[in-house]
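Step one of this worksheet: look at the structure below.
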Amino acid sequence: MPITSDDGIRALFDAETVAVVGCSATPGKPAHDVPAYIQRQGYRVVPVNPFHDEILGETAYDSLADVDEDVDLVDVFRPSEEAGDIVDAAIERADDRGDVETVWLQLGISDDDAAARAEEAGLSFVQDRCFKVEHSRLA
């Protein structure tokens, strides 16, 4: 089951580096404004967007697999139909590098099958919740 309790979600905020898959370079879009908020809270934000070289002053990567530094949490701003492949990439990365601990699907994004795969792989999993809203409320 995805994490839904306040205590469970609060524990995820111990992450230091957040890879944002689908991070946008366009201010005003949630996929830009939420990562900007995350960055302002002191987290290291690593944008993943193949159409940009830089977002929020950080190097943007084409895919999660291309990210050089360690990633604690993968925050997903892509449609639910794409979430499964992104979760699988996070699981593969966790297996290969041992860094990813959590996958977070933003508000309006969910995939129960991917949730089961992530949890089976030992990853924490949140879906259909906004990181910014939950962080503002709980941290």
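Ligands are numbered from 1 in the order shown, residues from 1 within each chain, and chains are lettered A, B, ... in the order they appear in the structure tokens.
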Per DSSP on the backbone, what are the strand (DSSP E) residues of range 36-127 of chain A, as number ranges by chain? A: 44-48, 54-55, 58-59, 73-76, 102-105, 124-126
Each residue of range 36-85 of chain A with at least one atom at most 9 Å from range 108-116 of chain A should appear once, together with its nearest atom pair and the corresponding distance in Å (one decimal); atoms considered: only C-alpha atoms; ordering: chain, then increasing residue number; output as JSON lines.
{"residue": "A:Val76", "atom": "CA", "partner": "A:Ile109", "partner_atom": "CA", "distance": 8.2}
{"residue": "A:Phe77", "atom": "CA", "partner": "A:Ile109", "partner_atom": "CA", "distance": 7.8}
{"residue": "A:Arg78", "atom": "CA", "partner": "A:Ile109", "partner_atom": "CA", "distance": 7.5}
{"residue": "A:Pro79", "atom": "CA", "partner": "A:Ile109", "partner_atom": "CA", "distance": 6.2}
{"residue": "A:Ser80", "atom": "CA", "partner": "A:Ile109", "partner_atom": "CA", "distance": 4.8}
{"residue": "A:Glu81", "atom": "CA", "partner": "A:Asp111", "partner_atom": "CA", "distance": 7.9}
{"residue": "A:Ala83", "atom": "CA", "partner": "A:Asp111", "partner_atom": "CA", "distance": 6.6}
{"residue": "A:Gly84", "atom": "CA", "partner": "A:Ala114", "partner_atom": "CA", "distance": 5.1}
{"residue": "A:Asp85", "atom": "CA", "partner": "A:Ala114", "partner_atom": "CA", "distance": 8.3}
Same residues, N, CA, C and O atoms, saved as a PDB file, in the first residue's frame:
ATOM      1  N   VAL A  76       7.660  12.509  -9.419  1.00  0.00           N
ATOM      2  CA  VAL A  76       7.212  12.299 -10.802  1.00  0.00           C
ATOM      3  C   VAL A  76       6.096  13.265 -11.192  1.00  0.00           C
ATOM      4  O   VAL A  76       5.037  13.284 -10.564  1.00  0.00           O
ATOM      5  N   PHE A  77       6.363  14.031 -12.241  1.00  0.00           N
ATOM      6  CA  PHE A  77       5.398  14.943 -12.863  1.00  0.00           C
ATOM      7  C   PHE A  77       5.154  14.497 -14.300  1.00  0.00           C
ATOM      8  O   PHE A  77       5.388  15.245 -15.243  1.00  0.00           O
ATOM      9  N   ARG A  78       4.707  13.284 -14.490  1.00  0.00           N
ATOM     10  CA  ARG A  78       4.364  12.764 -15.807  1.00  0.00           C
ATOM     11  C   ARG A  78       2.997  12.096 -15.687  1.00  0.00           C
ATOM     12  O   ARG A  78       2.578  11.725 -14.593  1.00  0.00           O
ATOM     13  N   PRO A  79       2.296  11.909 -16.816  1.00  0.00           N
ATOM     14  CA  PRO A  79       0.967  11.291 -16.752  1.00  0.00           C
ATOM     15  C   PRO A  79       1.008   9.884 -16.149  1.00  0.00           C
ATOM     16  O   PRO A  79       2.029   9.191 -16.239  1.00  0.00           O
ATOM     17  N   SER A  80      -0.110   9.490 -15.565  1.00  0.00           N
ATOM     18  CA  SER A  80      -0.213   8.167 -14.949  1.00  0.00           C
ATOM     19  C   SER A  80       0.200   7.057 -15.909  1.00  0.00           C
ATOM     20  O   SER A  80       0.792   6.058 -15.494  1.00  0.00           O
ATOM     21  N   GLU A  81      -0.089   7.222 -17.199  1.00  0.00           N
ATOM     22  CA  GLU A  81       0.243   6.198 -18.194  1.00  0.00           C
ATOM     23  C   GLU A  81       1.755   5.990 -18.293  1.00  0.00           C
ATOM     24  O   GLU A  81       2.207   4.934 -18.734  1.00  0.00           O
ATOM     25  N   ALA A  83       3.837   6.542 -15.617  1.00  0.00           N
ATOM     26  CA  ALA A  83       4.375   6.347 -14.268  1.00  0.00           C
ATOM     27  C   ALA A  83       5.018   4.973 -14.098  1.00  0.00           C
ATOM     28  O   ALA A  83       6.067   4.862 -13.453  1.00  0.00           O
ATOM     29  N   GLY A  84       4.433   3.952 -14.648  1.00  0.00           N
ATOM     30  CA  GLY A  84       4.966   2.594 -14.486  1.00  0.00           C
ATOM     31  C   GLY A  84       6.393   2.464 -14.984  1.00  0.00           C
ATOM     32  O   GLY A  84       7.246   1.873 -14.309  1.00  0.00           O
ATOM     33  N   ASP A  85       6.670   3.025 -16.164  1.00  0.00           N
ATOM     34  CA  ASP A  85       8.032   2.956 -16.708  1.00  0.00           C
ATOM     35  C   ASP A  85       9.011   3.742 -15.846  1.00  0.00           C
ATOM     36  O   ASP A  85      10.162   3.331 -15.668  1.00  0.00           O
TER      37      ASP A  85
END
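Using only C-alpha atoms, the shortest contact distance between Leu123 in chain A and any of A:Ala36, A:Leu56, A:Ala19, A:Met1 is found at A:Met1.
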Within chain A, find each residue whose DSSP state, derived from the backbone, is helix (DSSP H, G or I), and express the selection as a ChimeraX atom specification. /A:6-12,30-40,64-66,80-97,112-120,131-138
Do a neighbour search on Arg40 in chain A at 12 Å with only C-alpha atoms, toss out local chain neighbours closer than 4 positions, and write the hits as a list in words. Asp33, Val34, Pro35, Ala36, Arg44, Val45, Leu56, Lys132 and His135 of chain A
Residues of the last selection are to be written out with C-alpha atoms, as a compact mmCIF listing (two decimals), in the first residue's frame.
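Result file follows (selection17.txt):
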# COMPACT_ATOMS: atom_id res chain seq x y z
CA ASP A 33 6.81 25.69 -9.08
CA VAL A 34 6.79 22.59 -6.86
CA PRO A 35 10.46 21.74 -7.60
CA ALA A 36 11.33 25.41 -7.02
CA ARG A 44 19.05 19.39 -3.87
CA VAL A 45 16.79 19.24 -6.93
CA LEU A 56 16.20 26.00 -11.79
CA LYS A 132 4.67 20.88 -1.69
CA HIS A 135 5.66 19.35 3.10
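Of note, CA of Thr59 in chain A and CA of Thr26 in chain A are spaced 15.4 Å apart.
What separates CA of Pro30 in chain A from CA of Asp99 in chain A is a distance of 25.8 Å.
For Ala89 in chain A, the list of residues within 9 Å, based on only C-alpha atoms and with local chain neighbours fewer than 5 positions off taken out, reads A:Ser63, A:Leu64, A:Ala65, A:Gly84, A:Ala94.
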Next, write the just-selected residues to a file, as a short mmCIF file (atom, residue, chain, number, x, y, z; two decimals), in the first residue's frame, keeping N, CA and C atoms as the atom set.
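Just written: result31.cif:
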data_model
loop_
_atom_site.label_atom_id
_atom_site.label_comp_id
_atom_site.auth_asym_id
_atom_site.auth_seq_id
_atom_site.Cartn_x
_atom_site.Cartn_y
_atom_site.Cartn_z
N SER A 63 17.27 11.37 -18.64
CA SER A 63 16.53 10.29 -17.99
C SER A 63 17.07 10.09 -16.58
N LEU A 64 16.34 9.36 -15.79
CA LEU A 64 16.76 9.05 -14.42
C LEU A 64 18.08 8.29 -14.43
N ALA A 65 18.25 7.41 -15.40
CA ALA A 65 19.48 6.61 -15.50
C ALA A 65 20.71 7.48 -15.77
N GLY A 84 4.43 3.95 -14.65
CA GLY A 84 4.97 2.59 -14.49
C GLY A 84 6.39 2.46 -14.98
N ALA A 94 17.73 1.74 -8.11
CA ALA A 94 17.93 1.33 -6.72
C ALA A 94 18.70 0.01 -6.66
#
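Restricting the calculation to only C-alpha atoms, the smallest distance between Leu105 in chain A and any of A:Ala121, A:Ala60, A:Val133, A:Val21 is found for A:Val21.
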Excluding range 6-17 of chain A and its own-chain neighbours fewer than 4 positions away, which residues fall within 9 Å of it when counting only C-alpha atoms? Please give them as a VMD selection string. chain A and resid 42 to 46 69 to 74 101 to 102 124 126 134 to 135 138 to 139
Taking into account only C-alpha atoms, which residue in the set A:Gly122, A:Arg117, A:Val100, A:Gln106 is nearest to Asp75 in chain A? A:Gln106
